[in-house]
Every structure is written in structure tokens, then in C-alpha cells.
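Structure data follow from upload08.txt (compact mmCIF, C-alpha atoms):
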```
# COMPACT_ATOMS: atom_id res chain seq x y z
CA MET A 1 31.50 -63.39 -23.99
CA VAL A 2 27.89 -62.93 -22.87
CA THR A 3 26.13 -60.33 -24.97
CA HIS A 4 23.54 -57.86 -23.75
CA GLN A 5 20.78 -59.69 -25.64
CA GLN A 6 21.66 -62.98 -23.92
CA MET A 7 21.52 -61.32 -20.49
CA GLU A 8 18.11 -59.85 -21.25
CA TYR A 9 16.93 -63.27 -22.47
CA ASN A 10 18.11 -64.98 -19.28
CA LYS A 11 16.25 -62.42 -17.18
CA CYS A 12 13.02 -63.20 -18.99
CA GLN A 13 13.23 -66.94 -18.39
CA TYR A 14 10.68 -68.17 -15.88
CA THR A 15 11.35 -71.00 -13.49
CA PRO A 16 8.90 -72.86 -11.25
CA ASN A 17 10.28 -71.19 -8.12
CA SER A 18 10.27 -67.67 -9.54
CA ILE A 19 6.67 -67.43 -10.77
CA PRO A 20 4.14 -65.81 -8.40
CA MET A 21 0.83 -67.59 -8.07
CA GLY A 22 -1.41 -64.95 -6.52
CA ASP A 23 -3.99 -66.32 -4.10
CA TYR A 24 -4.15 -69.81 -5.51
CA GLY A 25 -3.30 -72.45 -2.95
CA GLY A 26 -2.51 -76.10 -3.44
CA SER A 27 -0.06 -78.87 -2.78
CA GLY A 28 3.09 -79.51 -4.69
CA PRO A 29 6.81 -79.03 -4.70
CA HIS A 30 6.50 -75.25 -5.16
CA GLU A 31 5.24 -72.64 -2.71
CA TYR A 32 2.47 -70.61 -4.27
CA GLY A 33 2.08 -66.95 -3.55
CA LYS A 34 5.84 -66.38 -3.07
CA GLN A 35 8.19 -64.69 -5.47
CA ASP A 36 11.91 -65.21 -5.82
CA VAL A 37 13.62 -62.06 -4.61
CA ASP A 38 16.62 -62.69 -6.84
CA ARG A 39 14.56 -62.45 -10.01
CA LYS A 40 14.56 -59.01 -11.60
CA PRO A 41 11.79 -58.83 -14.20
CA VAL A 42 12.34 -56.68 -17.23
CA GLY A 43 10.18 -53.53 -17.01
CA PHE A 44 8.20 -51.86 -19.73
CA GLY A 45 9.99 -49.54 -22.14
CA VAL A 46 8.97 -46.06 -23.17
CA CYS A 47 7.03 -47.29 -26.19
CA ASP A 48 5.30 -49.88 -24.05
CA ILE A 49 4.19 -47.28 -21.53
CA ILE A 50 2.88 -45.03 -24.32
CA LEU A 51 0.85 -47.90 -25.76
CA ILE A 52 -0.57 -48.74 -22.34
CA ILE A 53 -1.57 -45.10 -21.82
CA VAL A 54 -3.22 -45.00 -25.25
CA SER A 55 -5.05 -48.22 -24.45
CA GLY A 56 -6.30 -46.71 -21.20
CA LEU A 57 -7.49 -43.61 -23.03
CA VAL A 58 -9.34 -45.76 -25.54
CA PHE A 59 -11.03 -47.54 -22.67
CA PHE A 60 -12.20 -44.31 -21.04
CA VAL A 61 -13.32 -42.77 -24.33
CA THR A 62 -15.39 -45.79 -25.35
CA SER A 63 -16.78 -46.51 -21.89
CA PRO A 64 -19.26 -47.74 -20.79
CA ILE A 65 -19.42 -49.89 -23.92
CA SER A 66 -15.81 -51.01 -23.51
CA ILE A 67 -16.55 -52.31 -20.01
CA PHE A 68 -18.42 -55.27 -21.50
CA PHE A 69 -15.30 -56.22 -23.47
CA CYS A 70 -12.69 -55.52 -20.77
CA LEU A 71 -14.28 -57.26 -17.80
CA LYS A 72 -13.77 -61.01 -17.82
CA ILE A 73 -14.89 -63.83 -15.53
CA VAL A 74 -13.21 -67.13 -14.74
CA GLN A 75 -14.81 -70.01 -12.87
CA GLU A 76 -13.79 -71.36 -9.49
CA TYR A 77 -11.80 -74.15 -11.13
CA GLU A 78 -10.03 -71.85 -13.62
CA ARG A 79 -7.23 -69.30 -13.59
CA ALA A 80 -6.41 -66.59 -16.14
CA VAL A 81 -2.82 -65.83 -17.15
CA ILE A 82 -2.74 -62.22 -18.46
CA PHE A 83 -0.11 -60.99 -20.91
CA ARG A 84 0.36 -57.25 -21.32
CA LEU A 85 2.38 -56.47 -24.43
CA GLY A 86 3.73 -60.04 -24.26
CA ARG A 87 4.75 -59.88 -20.58
CA ILE A 88 3.04 -61.64 -17.69
CA LEU A 89 1.47 -59.20 -15.27
CA PRO A 90 2.82 -59.15 -11.70
CA GLY A 91 0.65 -60.84 -9.12
CA GLY A 92 0.34 -64.20 -10.80
CA ALA A 93 -2.70 -65.81 -12.31
CA LYS A 94 -6.07 -64.11 -11.86
CA GLY A 95 -9.21 -65.69 -10.55
CA PRO A 96 -11.58 -67.02 -9.63
CA GLY A 97 -14.10 -64.28 -10.29
CA LEU A 98 -13.92 -60.96 -12.13
CA PHE A 99 -10.78 -59.36 -13.59
CA PHE A 100 -9.98 -56.50 -15.96
CA VAL A 101 -7.98 -56.41 -19.20
CA LEU A 102 -6.98 -53.40 -21.25
CA PRO A 103 -8.09 -53.31 -24.87
CA CYS A 104 -5.52 -53.94 -27.60
CA THR A 105 -2.58 -54.47 -25.21
CA ASP A 106 -3.78 -57.36 -23.01
CA ASN A 107 -4.62 -60.92 -23.85
CA TYR A 108 -5.17 -63.84 -21.54
CA GLN A 109 -5.32 -67.62 -21.48
CA LYS A 110 -7.53 -69.71 -19.24
CA VAL A 111 -6.10 -72.77 -17.48
CA ASP A 112 -8.32 -75.48 -16.03
CA LEU A 113 -7.16 -76.66 -12.59
CA ARG A 114 -9.39 -79.73 -12.40
CA THR A 115 -8.05 -83.25 -12.61
CA VAL A 116 -8.01 -84.44 -16.21
CA SER A 117 -7.98 -88.08 -17.30
CA PHE A 118 -7.08 -89.52 -20.67
CA ASP A 119 -6.46 -92.93 -22.19
CA VAL A 120 -2.99 -93.82 -23.41
CA PRO A 121 -3.41 -95.48 -26.83
CA PRO A 122 -2.50 -99.19 -26.97
CA GLN A 123 1.25 -99.55 -27.36
CA GLU A 124 2.91 -102.51 -29.09
CA ILE A 125 5.70 -103.39 -26.65
CA LEU A 126 8.45 -105.99 -26.84
CA THR A 127 9.02 -107.29 -23.33
CA LYS A 128 12.35 -108.31 -21.85
CA ASP A 129 11.74 -111.97 -22.76
CA SER A 130 10.94 -111.08 -26.42
CA VAL A 131 7.15 -111.29 -26.26
CA THR A 132 5.06 -108.72 -28.14
CA VAL A 133 2.10 -107.39 -26.14
CA ALA A 134 -0.33 -104.49 -26.58
CA VAL A 135 -0.78 -102.45 -23.40
CA ASP A 136 -2.93 -99.39 -22.72
CA ALA A 137 -3.28 -97.25 -19.61
CA VAL A 138 -5.16 -94.30 -18.11
CA VAL A 139 -3.46 -91.21 -16.63
CA TYR A 140 -4.87 -88.62 -14.21
CA TYR A 141 -3.18 -85.23 -13.94
CA ARG A 142 -3.88 -81.64 -12.95
CA VAL A 143 -2.22 -78.24 -13.34
CA PHE A 144 -0.80 -76.91 -10.08
CA ASN A 145 0.90 -73.80 -11.53
CA PRO A 146 -0.99 -72.09 -14.36
CA ILE A 147 1.78 -69.66 -15.26
CA ILE A 148 4.59 -72.12 -15.91
CA SER A 149 2.14 -74.46 -17.67
CA ILE A 150 1.76 -71.67 -20.24
CA THR A 151 5.29 -70.23 -20.33
CA ASN A 152 7.45 -73.37 -20.00
CA VAL A 153 5.76 -75.71 -22.46
CA GLU A 154 3.64 -75.42 -25.58
CA HIS A 155 0.35 -77.29 -25.18
CA PHE A 156 1.00 -79.00 -21.84
CA ASP A 157 -1.94 -81.36 -22.43
CA ARG A 158 -0.56 -82.74 -25.69
CA SER A 159 2.96 -82.92 -24.25
CA THR A 160 1.73 -84.89 -21.24
CA ARG A 161 -0.12 -87.34 -23.48
CA LEU A 162 2.92 -87.97 -25.68
CA LEU A 163 5.19 -88.35 -22.67
CA SER A 164 2.79 -90.87 -21.10
CA ALA A 165 2.88 -93.06 -24.21
CA THR A 166 6.69 -93.08 -24.38
CA THR A 167 7.01 -93.68 -20.63
CA LEU A 168 4.67 -96.67 -20.89
CA ARG A 169 6.85 -98.18 -23.60
CA ASN A 170 10.08 -97.51 -21.71
CA VAL A 171 8.87 -98.97 -18.42
CA LEU A 172 7.32 -102.14 -19.86
CA GLY A 173 10.31 -102.73 -22.13
CA THR A 174 12.36 -103.57 -19.02
CA LYS A 175 9.85 -106.14 -17.70
CA ASN A 176 9.26 -109.73 -18.71
CA LEU A 177 5.81 -111.10 -19.52
CA PHE A 178 5.20 -112.55 -16.07
CA GLU A 179 5.96 -109.20 -14.38
CA VAL A 180 3.71 -107.33 -16.81
CA LEU A 181 0.79 -109.65 -16.04
CA SER A 182 1.25 -109.98 -12.28
CA ASP A 183 2.94 -106.76 -11.07
CA ARG A 184 0.70 -104.04 -12.48
CA GLU A 185 0.62 -102.03 -9.26
CA HIS A 186 4.40 -101.64 -9.18
CA ILE A 187 4.47 -100.74 -12.89
CA SER A 188 1.77 -98.09 -12.38
CA HIS A 189 3.67 -96.59 -9.45
CA SER A 190 6.90 -96.46 -11.47
CA MET A 191 5.15 -94.73 -14.36
CA GLN A 192 3.50 -92.22 -12.01
CA THR A 193 6.85 -91.34 -10.41
CA MET A 194 8.61 -90.90 -13.75
CA LEU A 195 5.81 -88.81 -15.27
CA ASP A 196 5.48 -86.63 -12.20
CA SER A 197 9.19 -85.78 -12.15
CA ALA A 198 9.19 -85.08 -15.90
CA THR A 199 6.08 -82.85 -15.91
CA ASP A 200 6.96 -80.94 -12.74
CA PRO A 201 8.78 -78.15 -14.69
CA TRP A 202 5.61 -77.78 -16.77
CA GLY A 203 3.41 -77.07 -13.75
CA VAL A 204 1.63 -80.42 -14.15
CA LYS A 205 1.10 -82.92 -11.34
CA VAL A 206 0.50 -86.54 -12.38
CA GLU A 207 -1.72 -87.95 -9.66
CA ARG A 208 -2.37 -91.51 -10.78
CA VAL A 209 -1.50 -93.99 -13.51
CA GLU A 210 -3.29 -97.29 -14.05
CA VAL A 211 -2.52 -100.07 -16.53
CA LYS A 212 -5.87 -101.01 -18.07
CA ASP A 213 -5.41 -104.01 -20.31
CA VAL A 214 -2.64 -106.30 -21.54
CA ARG A 215 -3.49 -108.02 -24.83
CA LEU A 216 -1.46 -111.03 -25.87
CA PRO A 217 -1.17 -112.54 -29.37
CA VAL A 218 -3.63 -115.34 -30.13
CA GLN A 219 -0.87 -117.94 -30.45
CA MET A 220 0.54 -116.91 -27.08
CA GLN A 221 -2.90 -117.19 -25.50
CA ARG A 222 -3.32 -120.71 -26.88
CA ALA A 223 0.13 -121.74 -25.67
CA MET A 224 -0.53 -120.35 -22.19
CA ALA A 225 -3.94 -122.07 -22.09
CA ALA A 226 -2.39 -125.41 -23.10
CA GLU A 227 0.31 -124.98 -20.47
CA ALA A 228 -2.24 -124.18 -17.78
CA GLU A 229 -4.42 -127.16 -18.81
CA ALA A 230 -1.44 -129.51 -18.68
CA ALA A 231 -0.49 -128.19 -15.24
CA ARG A 232 -4.05 -128.74 -13.99
CA GLU A 233 -4.15 -132.29 -15.38
CA ALA A 234 -0.81 -133.12 -13.76
CA LYS A 235 -2.04 -131.73 -10.45
CA ALA A 236 -5.28 -133.73 -10.75
CA LYS A 237 -3.34 -136.95 -11.35
CA VAL A 238 -1.15 -136.29 -8.34
CA ILE A 239 -4.20 -135.64 -6.17
CA ALA A 240 -5.90 -138.81 -7.45
CA ALA A 241 -2.76 -140.87 -6.74
CA GLU A 242 -2.55 -139.47 -3.23
CA GLY A 243 -6.21 -140.36 -2.71
CA GLU A 244 -5.62 -143.93 -3.88
CA TRP A 245 -2.65 -144.24 -1.54
CA LYS A 246 -4.59 -142.94 1.44
CA ALA A 247 -7.58 -145.18 0.61
CA SER A 248 -5.44 -148.30 0.30
CA LYS A 249 -3.74 -147.45 3.57
CA ALA A 250 -7.10 -147.05 5.30
CA LEU A 251 -8.39 -150.33 3.81
CA LYS A 252 -5.30 -152.15 5.04
CA GLU A 253 -5.79 -150.82 8.54
CA ALA A 254 -9.48 -151.79 8.41
CA SER A 255 -8.66 -155.32 7.25
CA ASP A 256 -6.16 -155.71 10.08
CA VAL A 257 -8.83 -154.71 12.61
CA ILE A 258 -11.46 -157.03 11.10
CA SER A 259 -9.05 -159.99 10.91
CA GLU A 260 -8.57 -159.82 14.66
CA SER A 261 -12.29 -160.46 15.29
CA PRO A 262 -14.40 -162.72 12.99
CA ILE A 263 -17.58 -161.27 14.55
CA ALA A 264 -16.63 -157.85 13.17
CA LEU A 265 -16.63 -159.26 9.63
CA GLN A 266 -20.05 -160.79 10.25
CA LEU A 267 -21.38 -157.46 11.52
CA ARG A 268 -19.97 -155.68 8.51
CA TYR A 269 -21.64 -158.25 6.26
CA MET A 270 -25.01 -157.67 7.94
CA GLN A 271 -24.58 -153.88 7.69
CA THR A 272 -23.96 -154.17 3.96
CA LEU A 273 -27.12 -156.26 3.54
CA THR A 274 -29.11 -153.62 5.47
CA THR A 275 -27.79 -150.86 3.22
CA ILE A 276 -28.69 -152.75 0.04
CA SER A 277 -32.17 -153.66 1.23
CA ALA A 278 -32.93 -150.04 2.23
CA GLU A 279 -32.70 -148.86 -1.37
CA LYS A 280 -35.73 -149.14 -3.63
CA ASN A 281 -34.43 -151.45 -6.31
CA SER A 282 -35.02 -154.91 -7.72
CA THR A 283 -31.83 -156.41 -6.33
CA ILE A 284 -32.34 -159.84 -4.74
CA VAL A 285 -29.78 -160.77 -2.11
CA PHE A 286 -29.17 -164.38 -1.12
CA PRO A 287 -27.21 -164.52 2.11
CA LEU A 288 -24.37 -166.98 2.11
CA PRO A 289 -22.95 -168.16 5.40
CA ILE A 290 -19.44 -166.91 5.96
CA ASP A 291 -18.53 -170.15 7.75
CA LEU A 292 -19.11 -172.07 4.52
CA ILE A 293 -16.70 -169.80 2.67
CA GLN A 294 -14.21 -170.14 5.49
CA GLY A 295 -14.40 -173.92 5.30
CA MET A 296 -13.77 -173.88 1.55
CA MET A 297 -10.77 -171.64 2.04
CA ASP A 298 -9.36 -173.95 4.72
CA ARG A 299 -9.67 -177.01 2.41
CA LYS A 300 -7.91 -175.15 -0.39
CA SER A 301 -5.05 -174.14 1.89
CA SER A 302 -4.67 -177.71 3.22
CA LYS A 303 -4.33 -179.07 -0.31
CA LEU A 304 -1.58 -176.61 -1.07
```

Let me see the file written as C-alpha cells.
Amino acid sequence: MVTHQQMEYNKCQYTPNSIPMGDYGGSGPHEYGKQDVDRKPVGFGVCDIILIIVSGLVFFVTSPISIFFCLKIVQEYERAVIFRLGRILPGGAKGPGLFFVLPCTDNYQKVDLRTVSFDVPPQEILTKDSVTVAVDAVVYYRVFNPIISITNVEHFDRSTRLLSATTLRNVLGTKNLFEVLSDREHISHSMQTMLDSATDPWGVKVERVEVKDVRLPVQMQRAMAAEAEAAREAKAKVIAAEGEWKASKALKEASDVISESPIALQLRYMQTLTTISAEKNSTIVFPLPIDLIQGMMDRKSSKL
């Protein structure tokens, strides 16, 4: 059985699609300036009307002094949400510019529509492969609906900060260390999507999330450095071995070409002497006829 009090409570509940926004325009999932025709706001009672009339009389009696206290100004980047006897005034948020409030019955709250950035404190996270890392991030958000940012959540700024910290832990807890270090763009996009969908009922639009720094334990840094050094040394040895193989292959081909023509060996011998003599050193070169060496080699082969 639904009681009369519960029905009145349900009528007073504000939803993102049922809150008028006045003349404020922007982008987002909700259409500003439109009001849900199905919503029937609760009107003022007799006592409320009497208090409003008394407040108006007080304003006229104390004018023009009261004008200085009843006229308010909000900046271009701000909006004012006015409550009259605890109820939001029709017409949505006021501003920018000048607006009027009644004494004693009206109070208002200013909401900044500019993009706000904050740092997510470093979070100690256990990755999927059981490695503990400390990760921090930066979040950019703005308020796209001032009314529901006041009525649907208490301190939307603090709530967004706490939600960002928990979302960072939840997202990185499903990644291994390699993904955390190499796939930051995908992680940032996932966090932005999750935060945006969670803060949408609060009138908050999360525009961007960036992972700033990933700090590893000292032992893990040393292990990764040793692993990288070993990989570089192994790669250097492979490259050196490939160079030796290519050099030996080239020398073999050169020896085959020179063996076909004895004059080529003599020319190479003379070129080497020219190269040595061109340098400014104290090296003394005594040329030795190649034919003499060839004769000694032939005698040795005949004896064998």
C-alpha cells in the first residue's frame, strides 16, 4: 500500500530529464531548456504563500536598503540555483547576470560551469599478475546541469573525486603489468567512459582522464633493468655473430677471386704498402717478393 506521504515524496524527486535549465545551453545527454510534461511539481501551501507575502512586504518596507541585499549577480561561467522555502523555483538556474531573491524565504547556491581538473592521489594497486604498483591520474570534468548537481548528490566535487580513485583501482586491477605500462591510452578511455556514465545522474560530465605516472617497486625496477640488459647483450652477440659470418663469407669470395689471378694479389700487396706509407708513422716496410714466398710454399708441398 502506497501512502500519501510516499506519493508526495515521489513527486518531489528530480530526475535529469525533468529539471528545467532556463537559457543555459550546452552539450550532453539531456536537452536543456525543456521540462517533462509528466512531472507535476508540488505547489506552495497556504502557510508558504503567507510567508512569501510577508517577505515581499518586508522587502517593500525596507526598500531601497533591501535592494542591495536582494539583488545578486553571477558571472558568465556561473549559474545560481534558487530555493524558495526549500523548493527550486520554476525556470531553472538563473544567470549569468542579475537576479532577485526575496529576504528570509529565498536562498541560493552558485555552481561553476567551467572545466575543473584535479589529481587522483597515488593508488597502491595489485595488478592481474600480482605486481604492486602505485598509479596516479588527472581528471577533467564540468557541470552540465546545475540543478541536478545540487539536488541529486551532496558535494558533487567530492563525490567525483572519490569515484575517480575507486574507478582507477577497479580498472587497473584487471590489467597485468605490461598492459598498465604500454596501454595507457586504452586505460584512460575506459576510465573516462565509466566515470562519465556514473556521474551523468549528478549533472557532471567527465571530459578527459589521463594516467600520469606508474611507479614500480625498487626491486621490480632492478629486475626489469637486468632483464633488459641481458636482452640487449644477447642481441649484441647475435649481431656480432652475424657480422662475423658475413665478413668471413666476403673474405672467402675475395680469396676465390684473387686466387684466379696472381697479378691481383700483387696489386693488393702494392695497395697495402701505399696505405701504410701514407700514414705519418715510424713504420719501416721491407718489401718481400711474393714469388719467393710462392717458391717456398711449392718446396714444402713437394716434400709432403

Pick from A:Arg87, A:Ile52, A:Gly95, A:Val131 nearest to A:Lys72, counting all atoms listed in the file: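 Smallest distance to A:Lys72 is found for A:Gly95.
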
Within 12 Å of A:Lys110 using all atoms listed in the file, minus same-chain residues under 2 positions, as a PyMOL selection string: chain A and resi 72-83+93-96+107-108+112-113+143+146-147+149-150

A:Val133, A:Leu51, A:Ile239, A:Leu71: which is nearest A:Asn176, counting all atoms listed in the file? A:Val133

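Proximity to A:Ser63 was assessed for A:Pro103, A:Gly92, A:Asp136, A:Met191 counting only C-alpha atoms; the smallest distance is recorded for A:Pro103.
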
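Environment of (14.1, -98.2, -18.6): residues at most 12 Å away, judged by all atoms listed in the file, are Thr127, Lys128, Thr166, Thr167, Leu168, Arg169, Asn170, Val171, Leu172, Gly173, Thr174, Lys175, Ile187, Ser190, Met191 and Met194 of chain A.
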
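In this structure, atom CA of A:Glu244 sits 28.0 Å away from atom CA of A:Ile263.
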
From the options A:Val135, A:Cys104, A:Ala236, A:Val46, which residue's atoms come nearest to A:Val58, counting all atoms listed in the file? A:Cys104

Separation of atom CA of A:Phe99 from atom CA of A:Ser55 in Å: 16.6 Å

If we count only C-alpha atoms and set the cut-off at 10 Å, which residues sit around A:Lys212, ignoring sequence neighbours fewer than 5 positions away in its own chain? Please answer as a ChimeraX atom specification. /A:119-120,122,135-138,184,188

Using all atoms listed in the file, pick whichever of A:Ile125, A:Val218, A:Cys70, A:Leu162 has the shortest atom-to-atom distance to A:Gly56.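 The shortest atom-to-atom distance to A:Gly56 comes from A:Cys70.
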
Kindly give the distance, in Å, that separates atom CA of A:Gln109 and atom CA of A:Ser159, rounded to a single decimal. 17.6 Å
